[in-house]
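Shown below: data.cif, with mmCIF, C-alpha atoms.
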```
data_final
#
loop_
_atom_site.label_atom_id
_atom_site.label_comp_id
_atom_site.auth_asym_id
_atom_site.auth_seq_id
_atom_site.Cartn_x
_atom_site.Cartn_y
_atom_site.Cartn_z
CA MET B 1 -35.39 77.04 136.43
CA GLU B 2 -35.70 75.61 132.92
CA ILE B 3 -38.99 73.89 132.12
CA LYS B 4 -38.78 71.02 129.58
CA LEU B 5 -41.81 70.53 127.36
CA PRO B 6 -42.62 67.00 126.22
CA SER B 7 -41.49 66.37 122.64
CA ARG B 8 -43.94 65.52 119.88
CA ALA B 9 -42.30 62.12 119.43
CA SER B 10 -43.08 61.21 123.02
CA GLU B 11 -46.77 61.93 122.36
CA LEU B 12 -47.04 59.42 119.50
CA PRO B 13 -48.30 55.99 120.45
CA SER B 14 -46.27 52.97 119.56
CA PRO B 15 -47.07 51.41 116.18
CA SER B 16 -48.52 48.30 117.80
CA ASP B 17 -50.79 50.30 120.09
CA PHE B 18 -51.84 52.51 117.19
CA LEU B 19 -52.80 49.55 114.97
CA ASP B 20 -54.61 47.82 117.81
CA LYS B 21 -56.57 50.98 118.46
CA LEU B 22 -57.27 51.47 114.74
CA MET B 23 -58.28 47.99 113.65
CA GLY B 24 -57.40 45.57 116.42
CA ARG B 25 -59.44 43.91 119.09
CA THR B 26 -59.70 47.06 121.21
CA SER B 27 -60.88 49.23 118.29
CA GLY B 28 -64.30 47.70 117.86
CA TYR B 29 -63.61 47.36 114.09
CA ASP B 30 -65.50 44.46 112.49
CA ALA B 31 -64.14 43.34 109.12
CA ARG B 32 -67.39 41.49 108.42
CA ILE B 33 -69.34 44.74 108.12
CA ARG B 34 -68.93 47.07 105.15
CA PRO B 35 -68.35 50.81 105.61
CA ASN B 36 -71.52 52.90 105.91
CA PHE B 37 -73.51 49.83 106.87
CA LYS B 38 -77.22 50.34 106.13
CA GLY B 39 -76.22 53.62 104.52
CA PRO B 40 -75.15 54.73 101.04
CA PRO B 41 -73.24 52.19 98.91
CA VAL B 42 -69.46 52.04 99.02
CA ASN B 43 -67.86 53.53 95.90
CA VAL B 44 -64.79 51.57 94.88
CA THR B 45 -62.50 53.23 92.36
CA ILE B 46 -60.49 50.79 90.26
CA ASN B 47 -57.53 51.05 87.93
CA ILE B 48 -55.26 48.39 86.45
CA PHE B 49 -51.68 48.37 85.28
CA ILE B 50 -50.90 45.78 82.58
CA ASN B 51 -47.47 44.43 83.30
CA SER B 52 -47.45 41.84 80.51
CA PHE B 53 -49.87 40.61 77.87
CA GLY B 54 -49.27 36.93 77.28
CA SER B 55 -50.34 34.41 74.72
CA ILE B 56 -53.63 34.72 72.86
CA THR B 57 -54.90 31.25 71.96
CA GLU B 58 -57.38 30.75 69.13
CA THR B 59 -58.14 27.09 69.86
CA THR B 60 -59.35 27.79 73.42
CA MET B 61 -60.31 31.41 72.68
CA ASP B 62 -58.68 33.00 75.70
CA TYR B 63 -55.79 35.30 76.54
CA ARG B 64 -53.33 35.60 79.40
CA LEU B 65 -52.12 38.75 81.12
CA ASN B 66 -50.34 39.90 84.25
CA VAL B 67 -51.82 42.94 85.98
CA PHE B 68 -51.59 45.10 89.06
CA LEU B 69 -55.17 45.47 90.28
CA ARG B 70 -55.70 48.58 92.41
CA GLN B 71 -58.85 49.28 94.41
CA GLN B 72 -59.51 52.38 96.46
CA TRP B 73 -62.45 53.13 98.76
CA ASN B 74 -63.23 55.11 101.90
CA ASP B 75 -63.73 53.48 105.28
CA PRO B 76 -64.45 56.16 107.94
CA ARG B 77 -63.58 53.69 110.70
CA LEU B 78 -59.93 53.74 109.56
CA ALA B 79 -59.48 57.55 109.67
CA TYR B 80 -56.79 58.62 112.11
CA LYS B 81 -55.14 61.74 113.55
CA GLU B 82 -52.59 60.24 115.88
CA TYR B 83 -49.86 60.14 113.21
CA PRO B 84 -48.79 63.15 111.17
CA ASP B 85 -48.11 61.10 108.06
CA ASP B 86 -50.67 61.46 105.29
CA SER B 87 -50.60 57.71 104.65
CA LEU B 88 -49.36 54.52 106.21
CA ASP B 89 -48.09 51.47 104.32
CA LEU B 90 -49.06 48.37 106.27
CA ASP B 91 -48.03 44.75 106.08
CA PRO B 92 -50.20 42.66 103.72
CA SER B 93 -51.10 40.40 106.66
CA MET B 94 -53.26 43.28 107.93
CA LEU B 95 -55.61 42.75 104.99
CA ASP B 96 -57.38 40.04 106.97
CA SER B 97 -58.27 42.63 109.60
CA ILE B 98 -60.17 45.06 107.35
CA TRP B 99 -63.16 44.88 105.05
CA LYS B 100 -62.42 44.43 101.33
CA PRO B 101 -64.63 44.49 98.23
CA ASP B 102 -65.62 41.07 96.89
CA LEU B 103 -64.38 41.71 93.37
CA PHE B 104 -64.03 38.87 90.85
CA PHE B 105 -63.43 38.60 87.11
CA ALA B 106 -66.63 37.55 85.36
CA ASN B 107 -64.92 36.10 82.27
CA GLU B 108 -62.04 34.48 84.14
CA LYS B 109 -61.00 30.91 83.22
CA GLY B 110 -58.00 30.69 85.52
CA ALA B 111 -55.98 32.93 87.85
CA ASN B 112 -53.25 32.80 90.46
CA PHE B 113 -51.63 35.06 93.03
CA HIS B 114 -47.89 35.71 93.26
CA GLU B 115 -46.02 34.89 96.43
CA VAL B 116 -42.34 35.22 95.40
CA THR B 117 -40.60 36.31 97.45
CA THR B 118 -43.54 37.44 99.59
CA ASP B 119 -47.19 38.05 98.86
CA ASN B 120 -47.36 40.65 96.07
CA LYS B 121 -49.90 42.82 97.85
CA LEU B 122 -49.97 46.42 98.99
CA LEU B 123 -52.12 48.03 101.71
CA ARG B 124 -52.07 51.77 102.26
CA ILE B 125 -54.31 53.74 104.62
CA PHE B 126 -54.78 57.51 104.43
CA GLN B 127 -55.68 59.97 107.20
CA ASN B 128 -59.19 60.56 105.85
CA GLY B 129 -59.96 56.82 105.89
CA ASN B 130 -59.21 56.10 102.23
CA VAL B 131 -57.83 52.62 101.63
CA LEU B 132 -55.62 51.60 98.70
CA TYR B 133 -55.41 47.88 98.03
CA SER B 134 -53.14 46.68 95.23
CA ILE B 135 -52.47 43.08 94.21
CA ARG B 136 -50.55 41.37 91.43
CA LEU B 137 -52.47 38.74 89.46
CA THR B 138 -51.96 36.49 86.48
CA LEU B 139 -55.27 35.94 84.69
CA ILE B 140 -56.54 33.73 81.90
CA LEU B 141 -59.65 35.40 80.54
CA SER B 142 -62.16 34.21 77.99
CA CYS B 143 -62.14 36.04 74.65
CA PRO B 144 -64.72 34.90 72.05
CA MET B 145 -63.13 35.50 68.65
CA ASP B 146 -64.54 36.08 65.19
CA LEU B 147 -62.05 34.43 62.82
CA LYS B 148 -63.75 35.22 59.51
CA ASN B 149 -60.87 37.54 58.59
CA PHE B 150 -58.10 35.33 59.99
CA PRO B 151 -55.16 36.07 59.75
CA MET B 152 -56.01 39.70 58.94
CA ASP B 153 -58.43 40.09 61.84
CA ILE B 154 -58.86 42.52 64.69
CA GLN B 155 -60.00 40.89 67.94
CA THR B 156 -61.72 42.59 70.86
CA CYS B 157 -61.01 40.95 74.20
CA THR B 158 -62.89 42.03 77.32
CA MET B 159 -62.05 42.11 81.00
CA GLN B 160 -65.08 42.29 83.30
CA LEU B 161 -64.79 43.14 87.01
CA GLU B 162 -67.90 42.36 89.03
CA SER B 163 -69.08 42.16 92.63
CA PHE B 164 -70.03 38.66 93.69
CA GLY B 165 -72.10 39.13 96.84
CA TYR B 166 -72.90 42.83 97.28
CA THR B 167 -75.70 44.32 95.19
CA MET B 168 -75.63 47.89 93.93
CA ASN B 169 -77.37 48.95 97.13
CA ASP B 170 -74.15 48.15 98.99
CA LEU B 171 -71.29 48.41 96.48
CA ILE B 172 -70.57 50.28 93.24
CA PHE B 173 -67.48 49.92 91.05
CA GLN B 174 -66.19 52.77 88.92
CA TRP B 175 -63.07 53.46 86.87
CA LEU B 176 -60.44 55.91 88.04
CA ASP B 177 -60.84 59.25 86.27
CA VAL B 178 -57.15 59.60 85.33
CA GLY B 179 -55.27 56.61 83.93
CA PRO B 180 -57.82 53.86 84.57
CA VAL B 181 -55.89 51.40 82.36
CA GLN B 182 -52.13 51.75 82.17
CA VAL B 183 -49.79 49.68 80.01
CA ALA B 184 -46.10 49.01 80.49
CA ASP B 185 -43.92 50.96 78.07
CA ASP B 186 -42.02 47.89 76.88
CA LEU B 187 -45.11 45.74 76.38
CA GLN B 188 -44.90 43.65 73.18
CA LEU B 189 -47.04 40.84 71.85
CA PRO B 190 -45.66 38.19 69.46
CA GLN B 191 -48.54 38.23 66.96
CA PHE B 192 -50.69 41.22 67.92
CA VAL B 193 -50.48 44.95 68.39
CA LEU B 194 -52.44 46.35 71.31
CA LYS B 195 -54.22 49.36 69.87
CA GLU B 196 -54.51 52.54 71.88
CA GLY B 197 -57.81 53.84 73.16
CA ASN B 198 -59.23 50.99 75.22
CA ASP B 199 -63.00 51.18 75.65
CA LEU B 200 -64.20 51.55 79.22
CA GLY B 201 -67.78 50.86 80.17
CA TYR B 202 -70.28 49.34 82.53
CA CYS B 203 -71.73 45.83 82.34
CA THR B 204 -74.22 45.83 85.21
CA LYS B 205 -75.57 42.31 85.74
CA ASN B 206 -79.14 41.47 86.65
CA TYR B 207 -79.63 38.08 88.28
CA ASN B 208 -82.54 36.63 90.19
CA THR B 209 -80.54 37.40 93.34
CA GLY B 210 -80.31 41.11 92.58
CA LYS B 211 -78.55 43.77 90.54
CA PHE B 212 -74.77 43.67 90.77
CA THR B 213 -72.21 46.28 89.78
CA CYS B 214 -69.85 45.47 86.90
CA ILE B 215 -67.29 47.43 84.92
CA GLU B 216 -65.37 46.34 81.84
CA VAL B 217 -62.48 47.29 79.58
CA LYS B 218 -62.12 46.18 75.96
CA PHE B 219 -58.70 45.54 74.46
CA HIS B 220 -58.47 45.87 70.66
CA LEU B 221 -55.82 43.55 69.25
CA GLU B 222 -54.73 43.75 65.63
CA ARG B 223 -53.03 40.63 64.30
CA GLN B 224 -49.68 40.94 62.55
CA MET B 225 -49.60 38.54 59.60
CA GLY B 226 -45.84 38.37 59.04
CA TYR B 227 -45.69 34.82 60.40
CA TYR B 228 -48.55 33.68 58.17
CA LEU B 229 -47.01 35.31 55.10
CA ILE B 230 -43.79 33.39 55.60
CA GLN B 231 -45.30 30.08 56.68
CA MET B 232 -48.49 29.87 54.60
CA TYR B 233 -49.09 32.48 51.92
CA ILE B 234 -45.68 32.57 50.22
CA PRO B 235 -45.16 28.74 50.15
CA SER B 236 -48.64 28.18 48.72
CA LEU B 237 -48.08 30.96 46.16
CA LEU B 238 -44.84 29.35 45.01
CA THR B 239 -46.54 25.94 44.81
CA VAL B 240 -49.19 27.37 42.49
CA ILE B 241 -46.55 28.98 40.29
CA LEU B 242 -44.61 25.70 40.24
CA SER B 243 -47.67 23.90 38.87
CA TRP B 244 -47.61 26.22 35.83
CA VAL B 245 -44.18 24.90 34.82
CA SER B 246 -45.92 21.88 33.28
CA PHE B 247 -47.38 24.15 30.57
CA TRP B 248 -43.85 24.55 29.14
CA ILE B 249 -43.00 20.83 29.30
CA ASN B 250 -43.46 18.74 26.16
CA MET B 251 -46.83 17.04 26.10
CA ASP B 252 -45.16 13.74 25.28
CA ALA B 253 -43.31 13.81 28.63
CA ALA B 254 -46.23 12.32 30.50
CA PRO B 255 -44.27 11.08 33.57
CA ALA B 256 -42.78 14.53 34.15
CA ARG B 257 -46.03 16.44 33.82
CA VAL B 258 -48.14 13.98 35.80
CA GLY B 259 -45.52 13.72 38.54
CA LEU B 260 -45.28 17.51 38.82
CA GLY B 261 -49.04 17.88 38.95
CA ILE B 262 -49.57 15.23 41.62
CA THR B 263 -46.69 16.61 43.71
CA THR B 264 -48.12 20.13 43.75
CA VAL B 265 -51.59 18.86 44.62
CA LEU B 266 -50.28 16.80 47.54
CA THR B 267 -48.13 19.73 48.71
CA MET B 268 -51.10 22.08 48.71
CA THR B 269 -53.20 19.52 50.58
CA THR B 270 -50.53 19.27 53.28
CA GLN B 271 -50.20 23.05 53.58
CA SER B 272 -53.97 23.44 53.81
CA SER B 273 -54.15 20.90 56.63
CA GLY B 274 -51.29 22.63 58.45
CA SER B 275 -53.02 26.01 58.28
CA ARG B 276 -56.03 24.60 60.15
CA ALA B 277 -54.08 22.70 62.80
CA SER B 278 -53.82 25.66 65.22
CA LEU B 279 -57.38 26.90 64.71
CA PRO B 280 -60.67 25.88 66.31
CA LYS B 281 -63.19 23.85 64.33
CA VAL B 282 -65.56 26.69 63.48
CA SER B 283 -68.47 26.34 61.08
CA TYR B 284 -67.80 29.46 59.00
CA VAL B 285 -65.20 30.07 56.29
CA LYS B 286 -62.05 31.97 57.19
CA ALA B 287 -59.88 34.11 54.94
CA ILE B 288 -57.04 31.57 55.08
CA ASP B 289 -59.51 28.82 54.06
CA ILE B 290 -60.48 30.72 50.92
CA TRP B 291 -56.83 31.26 49.98
CA MET B 292 -55.88 27.61 50.48
CA ALA B 293 -58.97 26.35 48.66
CA VAL B 294 -58.33 28.55 45.61
CA CYS B 295 -54.64 27.59 45.51
CA LEU B 296 -55.59 23.92 45.67
CA LEU B 297 -58.11 24.51 42.89
CA PHE B 298 -55.44 26.11 40.67
CA VAL B 299 -52.91 23.29 41.09
CA PHE B 300 -55.63 20.69 40.54
CA ALA B 301 -56.80 22.54 37.43
CA ALA B 302 -53.21 22.50 36.13
CA LEU B 303 -53.19 18.72 36.51
CA LEU B 304 -56.53 18.42 34.72
CA GLU B 305 -55.20 20.69 31.98
CA TYR B 306 -52.60 18.09 31.04
CA ALA B 307 -55.30 15.43 31.01
CA ALA B 308 -57.16 17.57 28.46
CA VAL B 309 -53.98 18.14 26.44
CA ASN B 310 -53.18 14.45 26.38
CA PHE B 311 -56.72 13.56 25.39
CA VAL B 312 -56.84 16.06 22.51
CA SER B 313 -53.40 15.03 21.24
CA ARG B 314 -54.61 11.41 20.92
CA GLN B 315 -57.84 12.22 19.11
CA HIS B 316 -56.30 11.47 15.70
CA LYS B 317 -56.12 7.81 16.70
CA GLU B 318 -59.78 7.88 17.60
CA PHE B 319 -60.49 9.62 14.32
CA PHE B 320 -58.67 6.89 12.41
CA ARG B 321 -60.48 4.16 14.32
CA MET B 322 -63.89 5.68 13.57
CA ARG B 323 -63.15 6.02 9.87
CA ARG B 324 -61.92 2.42 9.71
CA LYS B 325 -65.13 1.34 11.41
CA GLN B 326 -67.19 3.29 8.87
CA LYS B 327 -65.28 1.66 5.97
CA GLU B 328 -65.63 -1.82 7.36
CA GLN B 329 -69.41 -1.72 7.36
CA PRO B 330 -69.89 -1.58 3.51
CA ARG B 331 -66.91 -3.91 3.04
CA GLN B 332 -68.53 -6.54 5.23
CA GLY B 333 -71.67 -6.37 3.05
CA MET B 334 -69.56 -6.75 -0.09
CA GLU B 335 -67.67 -9.69 1.36
CA GLU B 336 -70.89 -11.47 2.17
CA GLU B 337 -72.13 -10.96 -1.39
CA MET B 338 -68.88 -12.14 -2.94
CA ALA B 339 -68.71 -15.10 -0.61
CA GLN B 340 -72.13 -16.14 -1.87
CA GLN B 341 -70.88 -15.92 -5.46
CA SER B 342 -67.75 -17.93 -4.63
CA LEU B 343 -69.92 -20.89 -3.81
CA ASN B 344 -70.87 -21.07 -7.49
CA TYR B 345 -67.42 -20.11 -8.84
CA PRO B 346 -64.77 -21.68 -6.66
CA GLY B 347 -61.31 -20.33 -6.97
CA TYR B 348 -62.53 -16.88 -7.99
CA GLY B 349 -63.16 -15.41 -4.52
CA ILE B 350 -61.38 -12.31 -3.13
CA GLU B 351 -59.69 -14.10 -0.25
CA HIS B 352 -56.53 -14.66 -2.24
CA CYS B 353 -56.39 -10.95 -3.02
CA MET B 354 -56.32 -10.06 0.69
CA GLN B 355 -53.22 -12.04 1.59
CA THR B 356 -49.95 -10.38 2.36
CA ALA B 357 -46.56 -11.92 2.00
CA ASP B 358 -46.82 -12.93 5.69
CA GLY B 359 -50.14 -14.63 5.13
CA LEU B 360 -52.08 -11.89 7.07
CA GLU B 361 -55.26 -10.38 5.80
CA MET B 362 -55.28 -6.79 4.63
CA ASP B 363 -58.13 -4.37 4.41
CA ALA B 364 -59.25 -4.39 0.84
CA THR B 365 -60.71 -0.89 1.15
CA PRO B 366 -58.24 1.87 2.07
CA VAL B 367 -59.24 3.88 5.14
CA PHE B 368 -58.33 7.27 3.72
CA THR B 369 -59.59 6.91 0.16
CA GLU B 370 -62.27 9.54 0.80
CA LEU B 371 -60.22 12.03 2.84
CA PRO B 372 -60.55 15.65 1.73
CA PRO B 373 -57.94 16.79 -0.76
CA GLY B 374 -54.70 17.86 0.90
CA PHE B 375 -55.35 15.90 4.13
CA SER B 376 -52.81 13.16 4.59
CA LEU B 377 -52.25 10.99 7.64
CA TYR B 378 -49.50 13.32 8.83
CA ASN B 379 -51.66 16.42 8.39
CA ILE B 380 -54.53 14.99 10.38
CA ARG B 381 -52.26 13.98 13.24
CA ARG B 382 -50.58 17.37 13.18
CA ARG B 383 -53.96 19.10 13.29
CA PHE B 384 -54.91 17.44 16.60
CA VAL B 385 -51.44 17.94 18.08
CA ASP B 386 -51.65 21.65 17.25
CA ARG B 387 -54.94 21.82 19.09
CA ALA B 388 -53.34 20.29 22.15
CA LYS B 389 -50.41 22.70 21.94
CA ARG B 390 -52.86 25.58 21.66
CA ILE B 391 -54.39 24.53 25.00
CA ASP B 392 -50.94 24.74 26.62
CA THR B 393 -50.33 28.14 25.01
CA ILE B 394 -53.65 29.52 26.24
CA SER B 395 -53.08 28.08 29.73
CA ARG B 396 -49.75 29.89 30.00
CA ALA B 397 -51.65 33.17 29.92
CA VAL B 398 -55.02 32.27 31.44
CA PHE B 399 -53.76 30.63 34.63
CA PRO B 400 -51.41 33.46 35.75
CA LEU B 401 -53.91 36.13 34.77
CA SER B 402 -56.74 34.42 36.65
CA PHE B 403 -54.58 33.99 39.73
CA LEU B 404 -53.53 37.63 39.56
CA LEU B 405 -57.16 38.75 39.43
CA PHE B 406 -57.98 36.53 42.39
CA ASN B 407 -55.11 38.07 44.36
CA LEU B 408 -56.31 41.59 43.62
CA PHE B 409 -59.84 40.73 44.72
CA TYR B 410 -58.67 38.78 47.78
CA TRP B 411 -56.27 41.34 49.23
CA LEU B 412 -58.53 44.27 48.39
CA THR B 413 -61.42 42.60 50.16
CA TYR B 414 -59.65 41.52 53.33
CA LYS B 415 -57.00 44.22 53.78
CA VAL B 416 -59.10 47.24 52.80
CA ILE B 417 -62.86 46.70 52.72
CA ARG B 418 -63.44 44.18 55.50
CA HIS B 419 -60.52 45.55 57.53
CA GLU B 420 -62.32 48.89 57.77
CA GLU B 421 -65.56 47.21 58.75
CA PHE B 422 -63.93 45.57 61.75
CA GLN B 423 -62.13 48.68 62.93
CA PRO B 424 -63.10 49.50 66.55
CA THR B 425 -65.24 52.59 66.91
#
```
Take the structure in the file and give it back as structure tokens.
Amino acid sequence: MEIKLPSRASELPSPSDFLDKLMGRTSGYDARIRPNFKGPPVNVTINIFINSFGSITETTMDYRLNVFLRQQWNDPRLAYKEYPDDSLDLDPSMLDSIWKPDLFFANEKGANFHEVTTDNKLLRIFQNGNVLYSIRLTLILSCPMDLKNFPMDIQTCTMQLESFGYTMNDLIFQWLDVGPVQVADDLQLPQFVLKEGNDLGYCTKNYNTGKFTCIEVKFHLERQMGYYLIQMYIPSLLTVILSWVSFWINMDAAPARVGLGITTVLTMTTQSSGSRASLPKVSYVKAIDIWMAVCLLFVFAALLEYAAVNFVSRQHKEFFRMRRKQKEQPRQGMEEEMAQQSLNYPGYGIEHCMQTADGLEMDATPVFTELPPGFSLYNIRRRFVDRAKRIDTISRAVFPLSFLLFNLFYWLTYKVIRHEEFQPT
């Protein structure tokens, strides 16, 4: 007679009975009570996977990212031996039936879950009672920024994970030993490069309600300035160079030189305002502010340079006017004396000697009778015009050289010296 032994499959309880026995009503499991109640604290191991790193906004000083948050802890009440599988993947609806850590993001400004096409959550239970809880989140986190080196800056943005209600006597967070922060291979940011070697640490918080566990990760983001070179630096550089064209235009072409100078000044003013439109109203000076201010100073100085040239070129007229004024003073005294004599000798005054063919009076004393030898009217005018031309000639060399020296100092300071100071350690 053949004896049939019961198969192993027939010994396994049904999945519904197994879950009811493990965490259902008949199990005695209470999701309101943490594991090891009144005993040692629960150690929760955390790691995150960065699926995408979104926009980083300077005006609101925050950044957006999409992550898979994974938490793992041990709950002895969920250990099982009825199933041979090392782990069981359960429906996310079972999360309401077990205890979970009360983790929140301390520097969070906004967040949302993902429910397309179903809740993006994972629950896995192991034979020894370990629980793996993974969830997909989109977070907007605060990131205070130091924009002194903008747009050649390196920003450090922090993510802080903290317990809200359990003190360190009940709950402790810690980073996973291997791969605590993972990044998608195809992750790209439009303006930044996420530097390798994220800093992991602890940020334990002490409140008047107790001491709460907190862990943090720091992301080091180096800004790529290609956009700012194309949109700000190169246009302002060309505007400054354009203002130097007036040094080669004839000084007598006042409309051309004044129009060019005013146009470049207004253009630089517009570019300077545009560079600040997407930035917060901070009280300190940024690198882009220094660049725009110096460029505006150069184009304004080029406009003032023509004012100086025009003033110097017209000084010969002032010189003539002053000499005429000096000559008129002794002549007026002589006229008064001769007028007195004409009262006694009518008909012998000098008035008839000062009449032109048109009946207009002429200056009886030449203006240039005492000019130095070799200085004619033409020579004096040419002397002042040469001075004005010399200003243009000197400006052709001084302005480009000064701007070149400023560029060397500016880029050396912000791309080498201060860049090294802000490098993450």
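For the residues B:Ile46, B:Leu78, B:Arg70, B:Leu12, ranking by smallest atom-to-atom distance to Gly28 in chain B using all atoms listed in the file places B:Leu78 first.
Of the listed residues (B:Gln71, B:Ser236, B:Leu95, B:Asp185), B:Leu95 comes nearest to Gly24 in chain B; the distances count only C-alpha atoms.
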Distance cut-off 9 Å, centre (-70.2, 38.5, 86.7) in file coordinates, counting all atoms listed in the file: which residues qualify? Return them as number ranges by chain. B: 104-107, 160-164, 203-205, 212-214
In Å and to one decimal, CA of Met168 in chain B is distant from CA of Ser87 in chain B by 28.9 Å
Just how far from CA of Tyr228 in chain B is CA of Arg276 in chain B, in Å to one decimal? 11.9 Å
For Leu194 in chain B, which residue out of B:Leu303, B:Ile154, B:Val116, B:Leu401 is the nearest one, using all atoms listed in the file? B:Ile154
Going by the chain IDs and residue numbers used in this file, which residues fall under the PyMOL selection byres ((chain B and resi 387) around 12)? Write them as an MDAnalysis selection string. chainID B and resid 251 308:316 380:386 388:394
How about saving the chosen residues, C-alpha atoms kept, as a PDB file, keeping the file's coordinate frame?
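Result saved to part_18.pdb:
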```
ATOM      1  CA  MET B 251     -46.830  17.040  26.100  1.00  0.00           C
ATOM      2  CA  ALA B 308     -57.160  17.570  28.460  1.00  0.00           C
ATOM      3  CA  VAL B 309     -53.980  18.140  26.440  1.00  0.00           C
ATOM      4  CA  ASN B 310     -53.180  14.450  26.380  1.00  0.00           C
ATOM      5  CA  PHE B 311     -56.720  13.560  25.390  1.00  0.00           C
ATOM      6  CA  VAL B 312     -56.840  16.060  22.510  1.00  0.00           C
ATOM      7  CA  SER B 313     -53.400  15.030  21.240  1.00  0.00           C
ATOM      8  CA  ARG B 314     -54.610  11.410  20.920  1.00  0.00           C
ATOM      9  CA  GLN B 315     -57.840  12.220  19.110  1.00  0.00           C
ATOM     10  CA  HIS B 316     -56.300  11.470  15.700  1.00  0.00           C
ATOM     11  CA  ILE B 380     -54.530  14.990  10.380  1.00  0.00           C
ATOM     12  CA  ARG B 381     -52.260  13.980  13.240  1.00  0.00           C
ATOM     13  CA  ARG B 382     -50.580  17.370  13.180  1.00  0.00           C
ATOM     14  CA  ARG B 383     -53.960  19.100  13.290  1.00  0.00           C
ATOM     15  CA  PHE B 384     -54.910  17.440  16.600  1.00  0.00           C
ATOM     16  CA  VAL B 385     -51.440  17.940  18.080  1.00  0.00           C
ATOM     17  CA  ASP B 386     -51.650  21.650  17.250  1.00  0.00           C
ATOM     18  CA  ALA B 388     -53.340  20.290  22.150  1.00  0.00           C
ATOM     19  CA  LYS B 389     -50.410  22.700  21.940  1.00  0.00           C
ATOM     20  CA  ARG B 390     -52.860  25.580  21.660  1.00  0.00           C
ATOM     21  CA  ILE B 391     -54.390  24.530  25.000  1.00  0.00           C
ATOM     22  CA  ASP B 392     -50.940  24.740  26.620  1.00  0.00           C
ATOM     23  CA  THR B 393     -50.330  28.140  25.010  1.00  0.00           C
ATOM     24  CA  ILE B 394     -53.650  29.520  26.240  1.00  0.00           C
TER      25      ILE B 394
END
```
